[in-house]
file model.csv (CSV, C-alpha atoms)
chain,number,residue,atom,x,y,z
C,31,MET,CA,89.4,108.4,167.1
C,32,PRO,CA,86.5,106.0,167.3
C,33,PRO,CA,85.4,105.0,170.8
C,34,THR,CA,86.7,101.7,172.1
C,35,ASP,CA,83.3,100.6,173.4
C,36,ASN,CA,81.6,100.8,170.0
C,37,ARG,CA,79.0,103.2,171.4
C,38,ILE,CA,77.5,106.1,169.4
C,39,ASP,CA,76.9,109.5,170.9
C,40,ALA,CA,73.8,111.7,170.4
C,41,ARG,CA,75.5,113.8,167.7
C,42,ASP,CA,76.4,110.8,165.6
C,43,TRP,CA,72.9,109.3,166.0
C,44,SER,CA,71.7,112.5,164.5
C,45,LEU,CA,74.2,112.3,161.6
C,46,LEU,CA,73.2,108.7,161.0
C,47,ALA,CA,69.5,109.9,160.7
C,48,VAL,CA,70.6,112.5,158.1
C,49,LEU,CA,72.7,110.0,156.2
C,50,SER,CA,69.8,107.5,156.1
C,51,VAL,CA,67.7,110.2,154.4
C,52,LEU,CA,70.5,111.0,151.9
C,53,TRP,CA,71.3,107.4,151.0
C,54,GLY,CA,67.6,106.3,151.1
C,55,GLY,CA,67.0,108.8,148.3
C,56,SER,CA,69.5,107.0,146.1
C,57,PHE,CA,67.2,104.1,145.5
C,58,PHE,CA,64.5,106.5,144.3
C,59,PHE,CA,66.9,108.5,142.1
C,60,ASN,CA,68.4,105.3,140.6
C,61,GLY,CA,64.9,103.9,139.8
C,62,ALA,CA,64.0,107.2,138.0
C,63,ALA,CA,67.3,107.6,136.1
C,64,LEU,CA,67.5,104.0,135.0
C,65,ARG,CA,64.4,104.6,132.7
C,66,GLU,CA,66.7,106.4,130.3
C,67,LEU,CA,70.2,105.7,131.3
C,68,PRO,CA,72.2,102.4,131.4
C,69,PRO,CA,73.5,101.4,134.9
C,70,LEU,CA,77.2,102.0,134.5
C,71,THR,CA,76.7,105.3,132.8
C,72,LEU,CA,74.5,106.4,135.7
C,73,VAL,CA,77.2,105.4,138.2
C,74,PHE,CA,79.8,107.4,136.2
C,75,LEU,CA,77.6,110.5,136.2
C,76,ARG,CA,76.9,110.1,139.9
C,77,VAL,CA,80.5,110.0,141.0
C,78,ALA,CA,81.8,112.5,138.4
C,79,LEU,CA,79.2,115.2,139.2
C,80,GLY,CA,79.6,114.4,142.9
C,81,ALA,CA,83.3,115.1,142.7
C,82,ALA,CA,82.8,118.2,140.6
C,83,MET,CA,80.5,119.6,143.3
C,84,LEU,CA,83.0,119.0,146.1
C,85,LEU,CA,86.0,120.4,144.3
C,86,PRO,CA,85.2,124.1,145.0
C,87,LEU,CA,84.6,123.3,148.7
C,88,LEU,CA,88.0,121.6,148.7
C,89,ARG,CA,89.6,124.7,147.4
C,90,MET,CA,87.8,127.0,149.8
C,91,ARG,CA,89.0,124.9,152.7
C,92,GLY,CA,92.6,124.9,151.5
C,93,ILE,CA,92.8,121.1,151.4
C,94,SER,CA,95.6,120.0,149.1
C,95,PHE,CA,95.6,117.0,146.7
C,96,PRO,CA,97.4,113.8,147.6
C,97,ARG,CA,101.0,113.7,146.3
C,98,GLY,CA,102.2,111.0,144.0
C,99,THR,CA,101.1,107.4,143.5
C,100,THR,CA,101.5,106.7,147.2
C,101,GLY,CA,99.3,109.5,148.3
C,102,TRP,CA,96.5,108.4,145.9
C,103,LYS,CA,96.6,104.7,146.7
C,104,PRO,CA,94.2,104.8,149.7
C,105,PHE,CA,91.6,106.8,147.8
C,106,VAL,CA,91.8,104.5,144.8
C,107,ALA,CA,91.1,101.6,147.2
C,108,ILE,CA,88.2,103.4,148.8
C,109,GLY,CA,86.9,104.6,145.5
C,110,LEU,CA,86.8,101.0,144.2
C,111,LEU,CA,85.3,99.3,147.3
C,112,ASN,CA,83.0,102.2,148.4
C,113,ASN,CA,81.8,103.5,145.0
C,114,ALA,CA,82.7,101.7,141.8
C,115,ILE,CA,81.9,98.1,142.9
C,116,PRO,CA,78.9,98.6,145.1
C,117,PHE,CA,77.3,101.4,143.1
C,118,SER,CA,77.6,99.3,139.9
C,119,LEU,CA,76.4,96.1,141.5
C,120,ILE,CA,73.4,97.7,143.2
C,121,VAL,CA,72.3,99.7,140.2
C,122,ILE,CA,72.6,96.7,137.9
C,123,GLY,CA,70.7,94.7,140.5
C,124,GLN,CA,67.9,97.3,140.4
C,125,THR,CA,67.3,96.5,136.8
C,126,PHE,CA,66.2,93.0,137.9
C,127,ILE,CA,64.5,93.6,141.3
C,128,PRO,CA,62.3,96.4,142.8
C,129,SER,CA,63.9,99.3,144.7
C,130,GLY,CA,62.2,98.2,147.9
C,131,LEU,CA,63.9,94.8,147.8
C,132,ALA,CA,67.2,96.4,146.9
C,133,SER,CA,67.0,98.5,150.0
C,134,ILE,CA,66.3,95.4,152.2
C,135,LEU,CA,69.3,93.6,150.8
C,136,ASN,CA,71.4,96.8,151.3
C,137,ALA,CA,70.4,96.6,155.0
C,138,THR,CA,72.6,93.5,155.3
C,139,THR,CA,75.7,95.8,155.1
C,140,PRO,CA,76.1,96.1,159.0
C,141,LEU,CA,76.2,92.3,159.2
C,142,PHE,CA,78.8,92.0,156.6
C,143,THR,CA,80.8,94.8,158.2
C,144,VAL,CA,80.7,93.2,161.6
C,145,LEU,CA,82.0,90.0,160.1
C,146,VAL,CA,84.7,91.6,158.0
C,147,MET,CA,86.0,93.7,160.8
C,148,ALA,CA,86.1,90.7,163.2
C,149,ALA,CA,87.8,88.5,160.6
C,150,ALA,CA,90.4,91.2,160.0
C,151,GLY,CA,91.0,91.6,163.8
C,152,GLU,CA,89.9,95.2,163.9
C,153,GLU,CA,86.9,94.8,166.2
C,154,ALA,CA,85.8,92.0,168.5
C,155,LEU,CA,82.8,89.9,167.4
C,156,HIS,CA,80.5,90.9,170.2
C,157,ILE,CA,77.4,88.6,170.4
C,158,ARG,CA,75.4,91.7,171.3
C,159,ARG,CA,76.2,93.4,168.1
C,160,VAL,CA,75.6,90.4,165.9
C,161,ALA,CA,72.3,89.7,167.6
C,162,GLY,CA,71.3,93.4,167.3
C,163,VAL,CA,72.1,93.5,163.5
C,164,ALA,CA,70.2,90.3,163.0
C,165,LEU,CA,67.2,91.7,164.9
C,166,GLY,CA,67.5,94.8,162.8
C,167,LEU,CA,67.3,92.8,159.6
C,168,VAL,CA,64.2,91.1,160.9
C,169,GLY,CA,62.7,94.6,161.5
C,170,VAL,CA,63.6,95.7,158.0
C,171,ILE,CA,61.9,92.6,156.5
C,172,ILE,CA,58.8,93.2,158.6
C,173,LEU,CA,58.7,96.9,157.7
C,174,ARG,CA,59.2,96.6,154.0
C,175,GLY,CA,58.1,93.0,153.3
C,176,TRP,CA,60.2,90.8,151.0
C,177,GLY,CA,58.6,92.2,147.9
C,178,LEU,CA,59.5,89.1,146.0
C,179,GLU,CA,58.0,88.7,142.5
C,180,THR,CA,58.4,86.1,139.8
C,181,ARG,CA,60.5,87.9,137.3
C,182,PRO,CA,63.5,87.0,135.1
C,183,GLY,CA,66.9,87.5,136.6
C,184,GLN,CA,65.6,88.1,140.2
C,185,GLY,CA,68.1,85.7,141.7
C,186,LEU,CA,70.9,87.5,139.9
C,187,GLY,CA,69.6,90.9,141.1
C,188,ILE,CA,69.6,89.6,144.7
C,189,LEU,CA,73.2,88.3,144.4
C,190,LEU,CA,74.4,91.6,142.9
C,191,CYS,CA,72.9,93.7,145.7
C,192,LEU,CA,74.3,91.4,148.3
C,193,GLY,CA,77.7,91.7,146.6
C,194,GLY,CA,77.4,95.5,146.9
C,195,ALA,CA,76.6,95.2,150.6
C,196,LEU,CA,79.7,93.0,151.1
C,197,SER,CA,81.9,95.5,149.2
C,198,TYR,CA,80.7,98.2,151.6
C,199,GLY,CA,81.9,96.0,154.5
C,200,PHE,CA,85.4,95.8,153.0
C,201,ALA,CA,85.3,99.6,152.3
C,202,ALA,CA,84.7,100.2,156.0
C,203,LEU,CA,87.7,98.1,156.8
C,204,ALA,CA,89.9,100.0,154.3
C,205,ALA,CA,88.6,103.3,155.5
C,206,ARG,CA,89.5,102.5,159.1
C,207,ARG,CA,93.0,101.4,158.2
C,208,LEU,CA,94.0,103.8,155.4
C,209,LEU,CA,92.2,107.1,156.2
C,210,LYS,CA,92.6,107.7,159.9
C,211,ASP,CA,94.1,111.2,159.5
C,212,SER,CA,92.3,112.4,156.3
C,213,PRO,CA,89.7,115.2,156.6
C,214,PRO,CA,86.1,114.0,155.7
C,215,LEU,CA,85.8,116.6,152.9
C,216,GLY,CA,89.1,115.5,151.4
C,217,THR,CA,88.3,111.8,151.7
C,218,ALA,CA,84.9,112.2,150.1
C,219,THR,CA,86.3,114.3,147.2
C,220,PHE,CA,89.4,112.2,146.4
C,221,GLN,CA,87.6,108.8,146.5
C,222,LEU,CA,85.0,110.2,144.1
C,223,MET,CA,87.7,111.5,141.8
C,224,ALA,CA,89.4,108.1,141.8
C,225,SER,CA,86.1,106.3,141.1
C,226,THR,CA,85.3,108.8,138.3
C,227,VAL,CA,88.4,107.6,136.4
C,228,MET,CA,87.5,104.0,137.0
C,229,MET,CA,83.8,104.4,135.9
C,230,ALA,CA,84.8,106.5,132.9
C,231,ILE,CA,86.8,103.6,131.5
C,232,ILE,CA,84.3,100.9,132.4
C,233,ALA,CA,81.2,102.7,131.2
C,234,GLY,CA,83.1,103.9,128.1
C,235,VAL,CA,84.1,100.3,127.1
C,236,VAL,CA,80.8,98.6,128.0
C,237,GLU,CA,78.1,101.1,127.3
C,238,GLN,CA,79.7,103.8,125.1
C,239,PRO,CA,77.5,106.6,126.6
C,240,TRP,CA,78.4,109.1,123.9
C,241,ARG,CA,76.1,107.1,121.5
C,242,LEU,CA,73.1,107.4,123.8
C,243,ALA,CA,70.2,109.8,123.3
C,244,VAL,CA,70.2,112.9,125.5
C,245,PRO,CA,68.0,112.1,128.6
C,246,GLY,CA,65.0,114.2,129.5
C,247,VAL,CA,64.7,116.8,132.3
C,248,ALA,CA,63.3,114.3,134.8
C,249,THR,CA,66.3,112.0,134.3
C,250,TRP,CA,68.8,114.8,134.7
C,251,SER,CA,67.0,116.0,137.9
C,252,ALA,CA,67.3,112.4,139.3
C,253,VAL,CA,71.0,112.3,138.4
C,254,LEU,CA,71.7,115.7,140.0
C,255,GLY,CA,69.8,114.7,143.1
C,256,LEU,CA,71.8,111.4,143.2
C,257,ALA,CA,75.1,113.3,142.8
C,258,ALA,CA,74.5,116.2,145.1
C,259,LEU,CA,72.5,114.7,147.9
C,260,SER,CA,73.1,111.0,147.9
C,261,THR,CA,76.8,111.2,147.0
C,262,ALA,CA,78.7,114.5,147.6
C,263,PHE,CA,76.9,115.6,150.8
C,264,ALA,CA,76.3,112.1,152.0
C,265,TYR,CA,80.0,111.1,151.9
C,266,ILE,CA,81.0,114.1,153.9
C,267,VAL,CA,78.6,113.0,156.6
C,268,PHE,CA,79.7,109.4,156.2
C,269,PHE,CA,83.4,110.0,156.7
C,270,GLN,CA,82.7,112.3,159.6
C,271,ILE,CA,80.8,109.5,161.4
C,272,ILE,CA,83.6,107.0,160.6
C,273,ARG,CA,86.2,109.3,162.3
C,274,ARG,CA,84.0,109.9,165.3
C,275,SER,CA,82.3,106.5,165.9
C,276,GLY,CA,84.0,103.9,163.8
C,277,ALA,CA,83.4,102.0,160.6
C,278,THR,CA,81.0,99.4,162.0
C,279,ASN,CA,78.7,102.0,163.6
C,280,VAL,CA,78.4,104.1,160.4
C,281,MET,CA,77.0,101.1,158.5
C,282,LEU,CA,74.0,100.9,160.8
C,283,VAL,CA,72.6,103.6,158.6
C,284,THR,CA,71.4,100.9,156.2
C,285,LEU,CA,69.0,99.7,158.9
C,286,LEU,CA,67.6,103.2,159.2
C,287,ILE,CA,67.1,103.9,155.5
C,288,PRO,CA,63.8,102.0,155.1
C,289,VAL,CA,62.4,103.7,158.3
C,290,THR,CA,63.2,107.2,157.1
C,291,ALA,CA,61.9,106.4,153.6
C,292,ILE,CA,58.5,105.5,155.1
C,293,LEU,CA,58.5,108.5,157.4
C,294,LEU,CA,59.3,110.8,154.5
C,295,GLY,CA,56.5,109.3,152.5
C,296,TRP,CA,54.1,110.0,155.4
C,297,LEU,CA,55.3,113.5,156.1
C,298,VAL,CA,55.9,114.8,152.6
C,299,LEU,CA,53.5,112.7,150.4
C,300,GLY,CA,50.8,112.0,152.9
C,301,GLU,CA,51.2,108.2,152.5
C,302,PRO,CA,49.5,106.1,155.2
C,303,ILE,CA,51.6,104.0,157.6
C,304,SER,CA,50.4,100.5,158.2
C,305,MET,CA,50.6,98.5,161.5
C,306,ARG,CA,53.2,96.2,159.8
C,307,GLU,CA,55.4,99.2,159.2
C,308,ILE,CA,55.0,100.5,162.7
C,309,ALA,CA,55.9,97.0,164.1
C,310,GLY,CA,59.0,96.9,161.8
C,311,ALA,CA,60.2,100.3,162.9
C,312,ILE,CA,59.8,99.3,166.6
C,313,VAL,CA,61.9,96.2,166.0
C,314,ILE,CA,64.6,98.2,164.2
C,315,GLY,CA,64.6,100.7,167.0
C,316,SER,CA,65.0,97.9,169.6
C,317,ALA,CA,67.8,96.4,167.5
C,318,LEU,CA,69.7,99.7,167.5
C,319,LEU,CA,69.3,100.0,171.3
C,320,VAL,CA,70.7,96.4,171.6
C,321,ILE,CA,73.7,97.3,169.4
C,322,ASP,CA,74.4,100.5,171.3
C,323,GLY,CA,74.3,98.6,174.6
C,324,ARG,CA,74.0,101.4,177.1
C,325,ILE,CA,70.4,100.7,178.0
C,326,LEU,CA,71.2,97.0,178.5
C,327,ASN,CA,74.0,98.0,180.9
C,328,LEU,CA,71.7,100.3,182.8
C,329,LEU,CA,69.2,97.4,183.2
C,330,ARG,CA,71.9,95.1,184.5
C,331,ARG,CA,72.9,97.7,187.1
C,332,SER,CA,69.4,98.2,188.3
C,333,GLU,CA,68.9,94.5,189.0

call {"tool": "encode", "arguments": {"input": "model.csv", "output": "structure tokens"}}
result
Amino acid sequence: MPPTDNRIDARDWSLLAVLSVLWGGSFFFNGAALRELPPLTLVFLRVALGAAMLLPLLRMRGISFPRGTTGWKPFVAIGLLNNAIPFSLIVIGQTFIPSGLASILNATTPLFTVLVMAAAGEEALHIRRVAGVALGLVGVIILRGWGLETRPGQGLGILLCLGGALSYGFAALAARRLLKDSPPLGTATFQLMASTVMMAIIAGVVEQPWRLAVPGVATWSAVLGLAALSTAFAYIVFFQIIRRSGATNVMLVTLLIPVTAILLGWLVLGEPISMREIAGAIVIGSALLVIDGRILNLLRRSE
């Protein structure tokens, strides 16, 4: 069960860092795949291939499928709120705005989650957490810059990405209420299976993917990376953190995503890091310490 004091232990901080790398890659993979694939078809391939990759693991672990309509209802709800709606909104949004701006808007997820959980009476609205999330958003903006350009549909793209972030907030609430006893591997697989059915219908009606030209190798590589790393593996980690540290804490990953993206660019691609990016990372780190609260408590005791 999640801790009552909303703190995160060292193991879950490590898992959040891993998850930030996995989900941070989704913006890159989306941008690459959208060159040849329409957005809803891309989302369908993401969830369908992700589910297919997890099914053998499910069999190896001996986890049985949910029974009947009642058993599947929680996973249909999570699949809708955690996959079908946010994936579709964010990917469509990325056709109007740059990936960097989309990742900034995605970083509003913890704020929406704090507000949704408080409104539902699941978690108290601690001023410390709200202030920490707000400080983290400031850090993300400093680190990435707004990246605003004058381009058609930019306002719509921003609204779509914010809608995706809000949907993640409701998904966190649903996961906390409906999936307390479900193993992370089972939860990840069943929600992807449910969202695969949804996206097959939506993409089939709207985009008719069977009429599209066969994508190239680069596009398929991006789709496979999106499905394997940013979906299948990422959701196992995601639901593990929810079970251990709670729904609000796991959404802090969206503040870490821009930081890990810049660090990976520096380590892997040799990209330089500017003073603005260093300042933004320091602000985000400070925000996470404020949200965690333990250092603040130690400072109070030492006074």

call {"tool": "atom_distance", "arguments": {"input": "model.csv", "atom1": "atom CA of Phe59 of chain C", "atom2": "atom CA of Leu131 of chain C"}}
result
15.1 Å

call {"tool": "residues_around", "arguments": {"input": "model.csv", "residues": "segment 65-82 of chain C", "least_positions_apart": "3", "cutoff": "9 Å", "atoms": "all atoms listed in the file", "output": "ChimeraX atom specification"}}
result
/C:60-62,85-86,113-114,117-119,121-122,124-125,218-223,225-230,232-234,236-239,242-246,249,253-254,256-263

call {"tool": "closest_residue", "arguments": {"input": "model.csv", "among": "C:Asn112, C:Ser129, C:Thr138, C:Gln270", "to": "Leu45 of chain C", "atoms": "all atoms listed in the file"}}
result
C:Gln270

call {"tool": "atom_distance", "arguments": {"input": "model.csv", "atom1": "atom CA of Thr284 of chain C", "atom2": "atom CA of Ala132 of chain C"}}
result
11.2 Å

call {"tool": "closest_atom_pairs", "arguments": {"input": "model.csv", "of": "segment 247-273 of chain C", "to": "segment 194-214 of chain C", "cutoff": "12 Å", "atoms": "only C-alpha atoms", "output": "CSV"}}
result
residue,atom,partner,partner_atom,distance
C:Ala262,CA,C:Pro214,CA,11.0
C:Phe263,CA,C:Pro214,CA,10.5
C:Ala264,CA,C:Pro214,CA,10.6
C:Tyr265,CA,C:Pro214,CA,7.7
C:Ile266,CA,C:Pro214,CA,5.4
C:Val267,CA,C:Pro214,CA,7.6
C:Phe268,CA,C:Pro214,CA,7.9
C:Phe269,CA,C:Pro214,CA,4.9
C:Gln270,CA,C:Pro214,CA,5.4
C:Ile271,CA,C:Pro214,CA,9.0
C:Ile272,CA,C:Arg206,CA,7.6
C:Arg273,CA,C:Lys210,CA,7.0

call {"tool": "residues_around", "arguments": {"input": "model.csv", "residues": "Ser133 of chain C", "least_positions_apart": "5", "cutoff": "10 Å", "atoms": "all atoms listed in the file", "output": "count of residues only"}}
result
15

call {"tool": "atom_distance", "arguments": {"input": "model.csv", "atom1": "atom CA of Trp296 of chain C", "atom2": "atom CA of Ile171 of chain C"}}
result
19.1 Å
